[in-house]
file my_file.txt (compact mmCIF, C-alpha atoms (C1' of nucleotides))
# COMPACT_ATOMS: atom_id res chain seq x y z
CA MET O 1 -16.46 -10.36 58.96
CA PRO O 2 -16.79 -14.01 59.68
CA LYS O 3 -19.14 -15.37 57.13
CA LEU O 4 -19.83 -18.97 57.92
CA GLY O 5 -18.83 -21.82 55.65
CA MET O 6 -15.57 -20.28 54.56
CA GLU O 7 -13.56 -23.42 55.15
CA PRO O 8 -13.99 -25.09 51.77
CA ILE O 9 -13.45 -21.80 49.96
CA ARG O 10 -10.30 -21.04 51.93
CA ARG O 11 -8.95 -24.53 51.49
CA ALA O 12 -9.48 -24.41 47.75
CA ALA O 13 -7.86 -21.00 47.50
CA LEU O 14 -4.88 -22.19 49.51
CA ILE O 15 -4.44 -25.29 47.39
CA ASP O 16 -4.53 -23.25 44.20
CA ALA O 17 -2.09 -20.76 45.66
CA THR O 18 0.22 -23.57 46.76
CA ILE O 19 0.38 -25.01 43.28
CA ALA O 20 0.86 -21.59 41.76
CA GLU O 21 3.61 -20.74 44.20
CA ILE O 22 5.44 -24.02 43.67
CA GLY O 23 5.01 -23.71 39.96
CA GLU O 24 6.34 -20.20 39.93
CA SER O 25 9.34 -20.83 42.15
CA GLY O 26 10.02 -24.27 40.73
CA SER O 27 10.66 -25.80 44.12
CA LEU O 28 9.02 -26.86 47.34
CA ASP O 29 10.84 -24.10 49.17
CA VAL O 30 7.81 -21.90 49.38
CA THR O 31 6.75 -20.17 52.54
CA VAL O 32 3.36 -20.51 54.15
CA SER O 33 3.20 -16.73 54.34
CA ARG O 34 3.61 -16.30 50.62
CA ILE O 35 1.03 -18.94 49.85
CA ALA O 36 -1.40 -17.40 52.28
CA ARG O 37 -0.86 -13.92 50.92
CA ARG O 38 -1.40 -15.14 47.37
CA ALA O 39 -4.62 -16.75 48.53
CA GLY O 40 -5.67 -13.48 50.14
CA MET O 41 -5.43 -14.32 53.82
CA SER O 42 -3.05 -14.35 56.75
CA SER O 43 -0.55 -17.08 57.45
CA GLY O 44 -2.31 -17.91 60.69
CA LEU O 45 -5.44 -18.85 58.80
CA ALA O 46 -3.53 -21.20 56.54
CA HIS O 47 -2.21 -23.00 59.59
CA HIS O 48 -5.67 -22.98 61.11
CA TYR O 49 -7.19 -24.83 58.18
CA PHE O 50 -4.35 -27.17 57.28
CA GLY O 51 -2.47 -27.65 60.51
CA GLY O 52 0.92 -27.24 58.88
CA LYS O 53 2.91 -26.80 55.76
CA ASP O 54 3.27 -30.52 55.02
CA GLN O 55 -0.47 -30.97 55.06
CA MET O 56 -0.81 -28.13 52.60
CA LEU O 57 1.71 -29.62 50.22
CA LEU O 58 0.06 -33.01 50.40
CA ALA O 59 -3.36 -31.50 49.88
CA ALA O 60 -2.05 -29.72 46.80
CA MET O 61 -0.59 -32.95 45.50
CA ARG O 62 -3.82 -34.78 46.18
CA HIS O 63 -5.63 -32.05 44.28
CA THR O 64 -3.48 -32.36 41.18
CA LEU O 65 -3.98 -36.11 41.18
CA LYS O 66 -7.70 -35.72 41.60
CA GLU O 67 -7.76 -33.21 38.77
CA TYR O 68 -5.89 -35.66 36.61
CA ALA O 69 -8.27 -38.50 37.50
CA ARG O 70 -11.19 -36.26 36.67
CA GLU O 71 -9.68 -35.50 33.30
CA VAL O 72 -9.23 -39.20 32.60
CA ARG O 73 -12.82 -39.98 33.48
CA ALA O 74 -14.07 -37.10 31.37
CA GLY O 75 -12.08 -38.35 28.41
CA LEU O 76 -13.32 -41.90 28.78
CA VAL O 77 -17.05 -41.26 28.75
CA SER O 78 -17.35 -41.00 25.00
CA VAL O 79 -14.84 -43.55 23.79
CA LYS O 80 -16.18 -46.02 21.26
CA ASN O 81 -13.28 -48.44 20.89
CA PRO O 82 -10.07 -49.54 22.58
CA ARG O 83 -7.87 -47.30 20.50
CA GLU O 84 -9.92 -44.25 21.49
CA ARG O 85 -9.72 -45.44 25.06
CA LEU O 86 -5.94 -45.38 24.86
CA GLU O 87 -5.92 -41.95 23.34
CA ALA O 88 -8.18 -40.64 26.08
CA ILE O 89 -5.85 -41.96 28.77
CA VAL O 90 -2.79 -40.48 27.13
CA SER O 91 -4.45 -37.16 26.37
CA ALA O 92 -5.66 -36.65 29.90
CA GLY O 93 -2.16 -36.16 31.24
CA PHE O 94 -1.41 -33.55 28.61
CA ALA O 95 -4.74 -31.77 28.74
CA PRO O 96 -4.55 -28.04 29.42
CA SER O 97 -5.68 -28.34 33.03
CA ASN O 98 -2.72 -30.61 33.84
CA PHE O 99 -0.24 -29.15 31.47
CA GLN O 100 0.15 -25.46 32.17
CA PRO O 101 3.83 -24.80 32.81
CA HIS O 102 3.28 -24.04 36.46
CA THR O 103 1.18 -27.16 36.94
CA VAL O 104 3.87 -29.26 35.33
CA SER O 105 6.46 -27.66 37.56
CA ALA O 106 4.40 -28.44 40.66
CA TRP O 107 3.76 -31.97 39.46
CA LEU O 108 7.45 -32.66 39.00
CA ASN O 109 8.15 -31.33 42.45
CA PHE O 110 5.48 -33.61 43.86
CA TYR O 111 7.11 -36.51 42.07
CA VAL O 112 10.38 -35.86 43.80
CA MET O 113 8.63 -35.25 47.10
CA ALA O 114 7.75 -38.94 46.98
CA LEU O 115 11.43 -39.62 47.65
CA SER O 116 11.33 -38.00 51.05
CA SER O 117 7.72 -38.20 52.20
CA LYS O 118 5.97 -41.44 53.04
CA GLN O 119 2.58 -39.97 52.27
CA ALA O 120 3.67 -38.42 49.00
CA ARG O 121 5.05 -41.80 48.02
CA ARG O 122 1.70 -43.39 48.76
CA LEU O 123 -0.08 -40.87 46.58
CA HIS O 124 2.39 -41.35 43.77
CA CYS O 125 1.94 -45.11 43.96
CA ILE O 126 -1.79 -44.74 43.58
CA TYR O 127 -1.37 -42.58 40.50
CA SER O 128 1.24 -44.86 39.03
CA ARG O 129 -0.78 -48.02 39.55
CA ARG O 130 -3.92 -46.47 38.18
CA LEU O 131 -2.21 -45.31 35.02
CA GLN O 132 -0.69 -48.75 34.57
CA SER O 133 -3.98 -50.47 35.10
CA ASN O 134 -5.87 -48.12 32.80
CA LEU O 135 -3.37 -48.75 30.05
CA ARG O 136 -3.44 -52.51 30.53
CA PHE O 137 -7.21 -52.62 30.42
CA ALA O 138 -7.33 -50.56 27.25
CA LEU O 139 -4.60 -52.59 25.60
CA ARG O 140 -5.97 -56.01 26.42
CA PRO O 141 -8.33 -56.30 23.46
CA LEU O 142 -5.67 -55.00 21.10
CA ALA O 143 -2.47 -56.57 22.33
CA GLY O 144 -3.51 -59.58 24.41
CA ALA O 145 -0.69 -61.08 26.39
CA ARG O 146 1.72 -58.34 25.43
CA SER O 147 -0.47 -55.74 27.12
CA ASP O 148 1.50 -55.74 30.35
CA ASP O 149 4.82 -55.08 28.66
CA ILE O 150 3.43 -52.39 26.41
CA ALA O 151 1.63 -50.72 29.29
CA LEU O 152 4.86 -50.56 31.24
CA ARG O 153 6.71 -48.94 28.38
CA ILE O 154 3.96 -46.50 27.54
CA ALA O 155 3.62 -45.46 31.17
CA ALA O 156 7.35 -44.78 31.33
CA LEU O 157 7.20 -42.92 28.03
CA ILE O 158 4.36 -40.73 29.27
CA ASP O 159 6.29 -39.74 32.36
CA GLY O 160 9.44 -39.19 30.34
CA VAL O 161 7.69 -36.93 27.86
CA TYR O 162 6.06 -35.06 30.71
CA LEU O 163 9.47 -34.54 32.27
CA HIS O 164 11.02 -33.37 29.01
CA GLN O 165 8.26 -30.91 28.34
CA GLY O 166 8.44 -29.61 31.88
CA LEU O 167 12.16 -29.00 31.74
CA ARG O 168 12.61 -27.58 28.31
CA ALA O 169 12.54 -23.85 27.98
CA GLY O 170 9.43 -22.24 26.61
CA ALA O 171 5.81 -23.23 26.58
CA THR O 172 4.52 -26.76 26.85
CA ASP O 173 2.99 -28.40 23.81
CA GLY O 174 0.33 -30.88 24.76
CA ASP O 175 -0.61 -31.84 21.22
CA ALA O 176 2.96 -32.70 20.33
CA ALA O 177 3.28 -34.76 23.49
CA VAL O 178 0.12 -36.72 22.76
CA ALA O 179 1.19 -37.24 19.17
CA LEU O 180 4.56 -38.54 20.26
CA VAL O 181 3.12 -41.05 22.69
CA MET O 182 0.32 -42.15 20.39
CA SER O 183 2.68 -42.75 17.52
CA GLN O 184 4.49 -45.11 19.83
CA VAL O 185 1.25 -46.79 20.82
CA ASP O 186 0.23 -47.28 17.23
CA GLN O 187 3.58 -48.76 16.39
CA ASP O 188 3.38 -51.10 19.37
CA LEU O 189 0.02 -52.29 18.16
CA SER O 190 0.74 -52.57 14.47
CA CYS O 191 4.09 -54.20 14.81
CA PHE O 192 3.18 -57.63 16.02
CA SER O 193 -0.56 -57.91 15.74
CA GLY O 194 -1.47 -55.84 12.71
CA MET U 1 47.88 -30.11 60.31
CA PRO U 2 47.70 -28.31 57.03
CA LYS U 3 49.14 -30.63 54.50
CA LEU U 4 49.32 -28.79 51.25
CA GLY U 5 47.30 -29.80 48.24
CA MET U 6 44.22 -30.72 50.21
CA GLU U 7 41.87 -28.76 48.00
CA PRO U 8 41.10 -31.41 45.37
CA ILE U 9 40.76 -34.09 48.04
CA ARG U 10 38.41 -31.98 50.10
CA ARG U 11 36.36 -30.96 47.11
CA ALA U 12 35.96 -34.55 46.00
CA ALA U 13 34.99 -35.65 49.50
CA LEU U 14 32.44 -32.86 49.75
CA ILE U 15 30.92 -33.70 46.40
CA ASP U 16 30.57 -37.34 47.32
CA ALA U 17 29.09 -36.40 50.66
CA THR U 18 26.65 -34.02 48.99
CA ILE U 19 25.35 -36.71 46.68
CA ALA U 20 25.16 -39.20 49.51
CA GLU U 21 23.31 -36.76 51.71
CA ILE U 22 20.83 -35.79 49.01
CA GLY U 23 20.36 -39.42 48.10
CA GLU U 24 19.73 -40.40 51.67
CA SER U 25 17.34 -37.59 52.51
CA GLY U 26 15.68 -37.61 49.10
CA SER U 27 15.66 -33.84 48.85
CA LEU U 28 17.84 -30.80 48.38
CA ASP U 29 17.08 -29.73 51.94
CA VAL U 30 20.42 -30.84 53.24
CA THR U 31 22.55 -28.70 55.48
CA VAL U 32 26.09 -27.70 54.76
CA SER U 33 27.00 -28.85 58.24
CA ARG U 34 25.77 -32.38 57.68
CA ILE U 35 27.53 -32.62 54.35
CA ALA U 36 30.75 -31.31 55.85
CA ARG U 37 30.55 -33.68 58.80
CA ARG U 38 29.92 -36.62 56.50
CA ALA U 39 32.98 -35.57 54.52
CA GLY U 40 34.99 -35.37 57.73
CA MET U 41 35.51 -31.65 58.10
CA SER U 42 33.96 -28.51 59.51
CA SER U 43 31.24 -26.51 57.85
CA GLY U 44 33.58 -23.55 57.57
CA LEU U 45 35.92 -25.50 55.37
CA ALA U 46 33.12 -26.46 53.04
CA HIS U 47 32.29 -22.81 52.58
CA HIS U 48 35.95 -22.04 52.16
CA TYR U 49 36.33 -24.37 49.21
CA PHE U 50 32.98 -23.90 47.53
CA GLY U 51 31.95 -20.43 48.51
CA GLY U 52 28.41 -21.41 49.28
CA LYS U 53 25.78 -24.10 49.31
CA ASP U 54 24.56 -23.49 45.77
CA GLN U 55 28.04 -23.98 44.39
CA MET U 56 28.26 -27.28 46.22
CA LEU U 57 24.99 -28.50 44.81
CA LEU U 58 25.97 -27.48 41.30
CA ALA U 59 29.38 -29.09 41.66
CA ALA U 60 27.67 -32.29 42.75
CA MET U 61 25.34 -32.12 39.77
CA ARG U 62 28.25 -31.48 37.45
CA HIS U 63 30.00 -34.46 38.95
CA THR U 64 27.10 -36.85 38.32
CA LEU U 65 26.87 -35.64 34.74
CA LYS U 66 30.60 -36.08 34.27
CA GLU U 67 30.39 -39.55 35.75
CA TYR U 68 27.62 -40.35 33.32
CA ALA U 69 29.57 -39.01 30.37
CA ARG U 70 32.57 -41.07 31.45
CA GLU U 71 30.40 -44.16 31.55
CA VAL U 72 29.11 -43.46 28.05
CA ARG U 73 32.61 -43.04 26.67
CA ALA U 74 33.80 -46.19 28.39
CA GLY U 75 30.93 -48.13 26.88
CA LEU U 76 31.55 -46.80 23.40
CA VAL U 77 35.21 -47.73 23.05
CA SER U 78 34.58 -51.35 22.12
CA VAL U 79 31.43 -51.13 20.04
CA LYS U 80 31.60 -52.87 16.69
CA ASN U 81 28.33 -51.84 15.09
CA PRO U 82 25.50 -49.32 15.40
CA ARG U 83 23.28 -51.60 17.42
CA GLU U 84 26.04 -52.10 19.99
CA ARG U 85 26.54 -48.37 19.99
CA LEU U 86 22.92 -47.88 20.94
CA GLU U 87 23.12 -50.46 23.67
CA ALA U 88 26.21 -48.78 25.09
CA ILE U 89 24.44 -45.42 25.26
CA VAL U 90 21.39 -46.89 26.92
CA SER U 91 23.38 -49.04 29.33
CA ALA U 92 25.52 -46.16 30.53
CA GLY U 93 22.62 -44.47 32.28
CA PHE U 94 21.72 -47.65 34.09
CA ALA U 95 25.25 -48.74 34.91
CA PRO U 96 25.92 -49.37 38.60
CA SER U 97 27.85 -46.14 39.09
CA ASN U 98 24.84 -44.09 37.98
CA PHE U 99 22.11 -46.31 39.27
CA GLN U 100 22.62 -46.86 42.97
CA PRO U 101 19.40 -45.83 44.71
CA HIS U 102 21.03 -42.83 46.34
CA THR U 103 22.55 -41.70 43.06
CA VAL U 104 19.19 -41.97 41.35
CA SER U 105 17.61 -40.00 44.15
CA ALA U 106 20.22 -37.26 43.81
CA TRP U 107 19.87 -37.26 40.03
CA LEU U 108 16.12 -36.78 40.21
CA ASN U 109 16.59 -33.92 42.62
CA PHE U 110 19.06 -32.32 40.23
CA TYR U 111 16.51 -32.68 37.48
CA VAL U 112 13.98 -30.71 39.43
CA MET U 113 16.61 -28.20 40.50
CA ALA U 114 16.72 -27.21 36.84
CA LEU U 115 13.27 -25.70 37.36
CA SER U 116 14.55 -23.15 39.83
CA SER U 117 18.22 -22.66 39.03
CA LYS U 118 19.48 -21.10 35.85
CA GLN U 119 22.80 -22.92 36.09
CA ALA U 120 21.22 -26.26 36.85
CA ARG U 121 19.04 -25.78 33.82
CA ARG U 122 22.09 -25.16 31.70
CA LEU U 123 23.70 -28.34 32.94
CA HIS U 124 20.55 -30.32 32.30
CA CYS U 125 20.33 -28.95 28.78
CA ILE U 126 23.84 -30.11 28.05
CA TYR U 127 23.05 -33.61 29.27
CA SER U 128 19.79 -33.70 27.39
CA ARG U 129 21.25 -32.52 24.13
CA ARG U 130 24.20 -34.88 24.35
CA LEU U 131 21.94 -37.88 24.93
CA GLN U 132 19.79 -36.83 22.03
CA SER U 133 22.74 -36.35 19.75
CA ASN U 134 24.37 -39.62 20.76
CA LEU U 135 21.17 -41.48 20.01
CA ARG U 136 20.69 -39.78 16.67
CA PHE U 137 24.20 -40.53 15.58
CA ALA U 138 23.90 -44.17 16.52
CA LEU U 139 20.51 -44.50 14.87
CA ARG U 140 21.40 -42.83 11.60
CA PRO U 141 22.84 -45.90 9.86
CA LEU U 142 19.93 -48.01 11.07
CA ALA U 143 16.92 -45.77 10.77
CA GLY U 144 17.89 -43.03 8.35
CA ALA U 145 15.46 -40.17 8.27
CA ARG U 146 13.42 -41.56 11.13
CA SER U 147 16.41 -41.27 13.45
CA ASP U 148 15.34 -37.94 14.90
CA ASP U 149 11.87 -39.11 15.86
CA ILE U 150 13.12 -42.35 17.32
CA ALA U 151 15.87 -40.60 19.24
CA LEU U 152 13.33 -38.27 20.79
CA ARG U 153 11.13 -41.13 21.92
CA ILE U 154 13.97 -43.22 23.22
CA ALA U 155 15.41 -40.31 25.16
CA ALA U 156 12.05 -39.70 26.79
CA LEU U 157 11.69 -43.40 27.49
CA ILE U 158 15.09 -43.54 29.15
CA ASP U 159 14.24 -40.67 31.47
CA GLY U 160 10.83 -42.14 32.18
CA VAL U 161 12.27 -45.52 33.08
CA TYR U 162 14.88 -43.83 35.23
CA LEU U 163 12.14 -41.94 37.04
CA HIS U 164 10.05 -45.07 37.56
CA GLN U 165 12.94 -47.03 38.91
CA GLY U 166 13.91 -44.21 41.21
CA LEU U 167 10.46 -43.86 42.67
CA ARG U 168 9.42 -47.43 43.07
CA ALA U 169 10.07 -49.04 46.41
CA GLY U 170 12.97 -51.41 46.69
CA ALA U 171 16.24 -51.74 44.86
CA THR U 172 16.88 -50.53 41.35
CA ASP U 173 17.26 -53.06 38.56
CA GLY U 174 19.57 -51.80 35.87
CA ASP U 175 19.39 -54.90 33.71
CA ALA U 176 15.62 -54.78 33.58
CA ALA U 177 15.74 -51.11 32.69
CA VAL U 178 18.20 -51.68 29.85
CA ALA U 179 16.17 -54.64 28.60
CA LEU U 180 13.01 -52.56 28.58
CA VAL U 181 14.54 -49.72 26.61
CA MET U 182 16.41 -51.97 24.20
CA SER U 183 13.31 -53.99 23.43
CA GLN U 184 11.77 -50.73 22.37
CA VAL U 185 14.79 -49.82 20.30
CA ASP U 186 14.75 -53.16 18.54
CA GLN U 187 11.08 -52.81 17.80
CA ASP U 188 11.60 -49.31 16.45
CA LEU U 189 14.30 -50.62 14.14
CA SER U 190 12.61 -53.81 13.00
CA CYS U 191 9.22 -52.31 12.44
CA PHE U 192 9.80 -50.20 9.41
CA SER U 193 13.22 -50.99 8.15
CA GLY U 194 13.68 -54.69 8.90
C1' DG G 1 56.84 -14.44 57.05
C1' DT G 2 53.76 -15.60 53.76
C1' DT G 3 50.58 -18.84 52.26
C1' DT G 4 47.36 -22.76 52.97
C1' DA G 5 44.45 -25.45 55.92
C1' DT G 6 41.31 -25.63 59.53
C1' DT G 7 38.14 -24.82 63.24
C1' DG G 8 34.04 -23.55 65.79
C1' DA G 9 31.80 -19.81 67.66
C1' DT G 10 28.95 -16.09 66.14
C1' DT G 11 25.79 -13.40 63.52
C1' DG G 12 21.85 -12.34 61.06
C1' DA G 13 18.07 -13.79 58.47
C1' DC G 14 14.25 -16.51 57.82
C1' DC G 15 10.34 -19.13 58.83
C1' DA G 16 6.92 -22.66 60.79
C1' DG G 17 3.92 -22.83 64.16
C1' DT G 18 1.47 -20.68 68.34
C1' DC G 19 -1.50 -17.58 70.68
C1' DA G 20 -4.24 -14.08 72.52
C1' DA G 21 -7.37 -10.90 70.88
C1' DT G 22 -11.19 -9.29 67.73
C1' DT G 23 -15.23 -9.56 64.95
C1' DA G 24 -19.55 -11.04 63.70
C1' DA G 25 -22.80 -14.59 62.58
C1' DA G 26 -25.78 -18.02 64.66
C1' DA G 27 -28.13 -20.26 68.31
C1' DA G 28 -30.23 -20.45 72.67
C1' DC G 29 -32.88 -18.52 76.00
C1' DC G 30 -36.47 -15.61 78.10
C1' DG L 1 -38.06 -9.44 69.85
C1' DG L 2 -34.40 -8.70 72.38
C1' DT L 3 -30.51 -10.43 75.16
C1' DT L 4 -26.89 -13.63 75.99
C1' DT L 5 -23.90 -17.25 74.79
C1' DT L 6 -21.56 -19.91 71.81
C1' DT L 7 -19.02 -20.72 67.77
C1' DA L 8 -16.47 -19.75 63.29
C1' DA L 9 -13.35 -16.64 61.09
C1' DT L 10 -9.51 -13.91 61.20
C1' DT L 11 -5.40 -11.38 62.25
C1' DG L 12 -0.56 -10.33 63.10
C1' DA L 13 2.72 -10.23 66.58
C1' DC L 14 5.70 -13.37 68.87
C1' DT L 15 8.72 -17.49 69.79
C1' DG L 16 11.95 -20.91 69.18
C1' DG L 17 14.62 -23.16 66.20
C1' DT L 18 17.43 -23.67 62.13
C1' DC L 19 20.88 -22.67 59.07
C1' DA L 20 23.96 -20.23 55.64
C1' DA L 21 27.61 -17.47 55.78
C1' DT L 22 31.34 -14.90 58.22
C1' DC L 23 35.35 -14.29 60.92
C1' DA L 24 39.02 -14.23 63.97
C1' DA L 25 42.22 -17.36 65.61
C1' DT L 26 45.41 -21.27 65.18
C1' DA L 27 48.61 -24.37 63.16
C1' DA L 28 51.69 -26.05 60.08
C1' DA L 29 54.13 -26.10 55.73
C1' DC L 30 57.07 -23.56 52.54

call {"tool": "encode", "arguments": {"input": "my_file.txt", "output": "structure tokens"}}
result
Amino acid sequence: MPKLGMEPIRRAALIDATIAEIGESGSLDVTVSRIARRAGMSSGLAHHYFGGKDQMLLAAMRHTLKEYAREVRAGLVSVKNPRERLEAIVSAGFAPSNFQPHTVSAWLNFYVMALSSKQARRLHCIYSRRLQSNLRFALRPLAGARSDDIALRIAALIDGVYLHQGLRAGATDGDAAVALVMSQVDQDLSCFSG
Amino acid sequence: MPKLGMEPIRRAALIDATIAEIGESGSLDVTVSRIARRAGMSSGLAHHYFGGKDQMLLAAMRHTLKEYAREVRAGLVSVKNPRERLEAIVSAGFAPSNFQPHTVSAWLNFYVMALSSKQARRLHCIYSRRLQSNLRFALRPLAGARSDDIALRIAALIDGVYLHQGLRAGATDGDAAVALVMSQVDQDLSCFSG
DNA sequence: GTTTATTGATTGACCAGTCAATTAAAAACC
DNA sequence: GGTTTTTAATTGACTGGTCAATCAATAAAC
């Protein structure tokens, strides 16, 4: 059976299965066997490609962050002004690909993993700094010196809304989340400089 | 050795030890044995009083929420106006007793536990709704019909700031957190009704 | 003598990681 | 072109460790 070049396919399948499994169970207490079975292979193969469970979890986290970054970039290509730039940044986090209930669940678990794993913390820092920096850059032309403060608040608000949506019962509502954050952004901008 | 009336003492010691252990390890993967040893007793006794690990975790979560509620009430007794009422609500979450790094770490883990445990979800809902309702009530005289929207945003902001502080390296800074949220509150109030 | 407190050994389940064995594609060699 | 060797893919049984939960035994207080 061994077709060559399976590695990337298997890895991708395992990463997807990891996120799905975490999302479904709502915790990091997922077994390698279950992940492997969901991905259509044996547990041995999962170990073969990733070396261990921790590596799999980190790879899955890295994947969600990469997916998010991709979404941000995609949203930014067509922006025509700073306000659109802000909206693109905010929307990316609540875009369907990052905002399915099980993705949100996995994301929140990855967040908390940063408390106990050095490497997860590093990944989270990268995400956090990038969001901050994106916001600051977009705000600069609109809010000048106040950009740093506003960026800090908006970043916290984004994570807070994400958390709320992830924990409330029922489906997530990306549009409502974006609207909530953007209304705050608009107020921040109109209040002192409008 | 059996002095009578040990139950409440043991339970309290176990709850403290649970929070400490979760805070220190940064995850819910703590063993009953370690918790019991930290609390100065055998693992058997821990099971005897709580029936099982899940009950211990839930009791610890309940305890942090009760502690938080206590802090809110304590802050509210001396308020003289709505704005002070708001500040009391916001400050409670970032008061020392709720904002030691290991308490924050435990709190965040309890948050995520709500994704996988029905009972944890119930507890989180209670907290969430109470915060929301406290904020609305305090905002009503200041923001009228906009109170609901503002309360929603401020609640999300509080959780977001809490998350950020918990995940960033180094010590937590309660004063900075309160200042950040209150600056937002003041802006919300001054912007449209000032 | 009944109830409460307490221990630590034990059990039973679970699971991450290892390993030897199998299959087949590809490459090397003649 | 056919034979041999290497290499990638794959499995599932096995191991060693961990841990939650149980239990029988003990010790004091009432």

call {"tool": "closest_atom_pairs", "arguments": {"input": "my_file.txt", "of": "chain G", "to": "chain U", "cutoff": "12 Å", "atoms": "all atoms listed in the file", "output": "tab-separated table"}}
result
residue	atom	partner	partner_atom	distance
G:DT3	C1'	U:Leu4	CA	10.1
G:DT4	C1'	U:Leu4	CA	6.6
G:DA5	C1'	U:Pro2	CA	4.5
G:DT6	C1'	U:Leu45	CA	6.8
G:DT7	C1'	U:Ser42	CA	6.7
G:DG8	C1'	U:Ser42	CA	8.0
G:DA9	C1'	U:Gly44	CA	10.9

call {"tool": "atom_distance", "arguments": {"input": "my_file.txt", "atom1": "atom CA of U:Ala36", "atom2": "atom CA of U:Thr103"}}
result
18.4 Å

call {"tool": "interface_residues", "arguments": {"input": "my_file.txt", "of": "chain L", "to": "chain O", "cutoff": "12 Å", "atoms": "all atoms listed in the file", "output": "ChimeraX atom specification"}}
result
/L:7-13

call {"tool": "closest_residue", "arguments": {"input": "my_file.txt", "among": "G:DA24, G:DC19, G:DG1, G:DA13", "to": "L:DA20", "atoms": "only C-alpha atoms (C1' of nucleotides)"}}
result
G:DA13

call {"tool": "atom_distance", "arguments": {"input": "my_file.txt", "atom1": "atom CA of O:Gly144", "atom2": "atom CA of O:Pro82"}}
result
12.1 Å

call {"tool": "interface_residues", "arguments": {"input": "my_file.txt", "of": "chain U", "to": "chain O", "cutoff": "10 Å", "atoms": "all atoms listed in the file", "output": "ChimeraX atom specification"}}
result
/U:22-29,105-106,108-109,111-117,121,124-125,128,149-150,152-169,180-181,183-184,187-188,190-192

call {"tool": "residues_around", "arguments": {"input": "my_file.txt", "residues": "U:Gly75", "least_positions_apart": "6", "cutoff": "10 Å", "atoms": "all atoms listed in the file", "output": "CSV table (one decimal) with C-alpha atoms, keeping the file's coordinate frame"}}
result
chain,number,residue,atom,x,y,z
U,69,ALA,CA,29.6,-39.0,30.4
U,84,GLU,CA,26.0,-52.1,20.0
U,85,ARG,CA,26.5,-48.4,20.0
U,86,LEU,CA,22.9,-47.9,20.9
U,87,GLU,CA,23.1,-50.5,23.7
U,88,ALA,CA,26.2,-48.8,25.1
U,89,ILE,CA,24.4,-45.4,25.3
U,90,VAL,CA,21.4,-46.9,26.9
U,91,SER,CA,23.4,-49.0,29.3
U,92,ALA,CA,25.5,-46.2,30.5
U,95,ALA,CA,25.2,-48.7,34.9

call {"tool": "closest_atom_pairs", "arguments": {"input": "my_file.txt", "of": "chain L", "to": "stretch 52-57 of chain U", "cutoff": "12 Å", "atoms": "only C-alpha atoms (C1' of nucleotides)", "output": "CSV"}}
result
residue,atom,partner,partner_atom,distance
L:DC19,C1',U:Lys53,CA,11.0
L:DA20,C1',U:Lys53,CA,7.6
L:DA21,C1',U:Gly52,CA,7.6
L:DT22,C1',U:Gly52,CA,11.4

call {"tool": "atom_distance", "arguments": {"input": "my_file.txt", "atom1": "atom CA of O:Gln119", "atom2": "atom CA of O:Leu131"}}
result
18.7 Å

call {"tool": "residues_around", "arguments": {"input": "my_file.txt", "residues": "O:Ala12", "least_positions_apart": "4", "cutoff": "10 Å", "atoms": "all atoms listed in the file", "output": "list in words"}}
result
Glu7, Pro8, Asp16, Ala17, Thr18, Ala39, Ala59, Ala60 and His63 of chain O
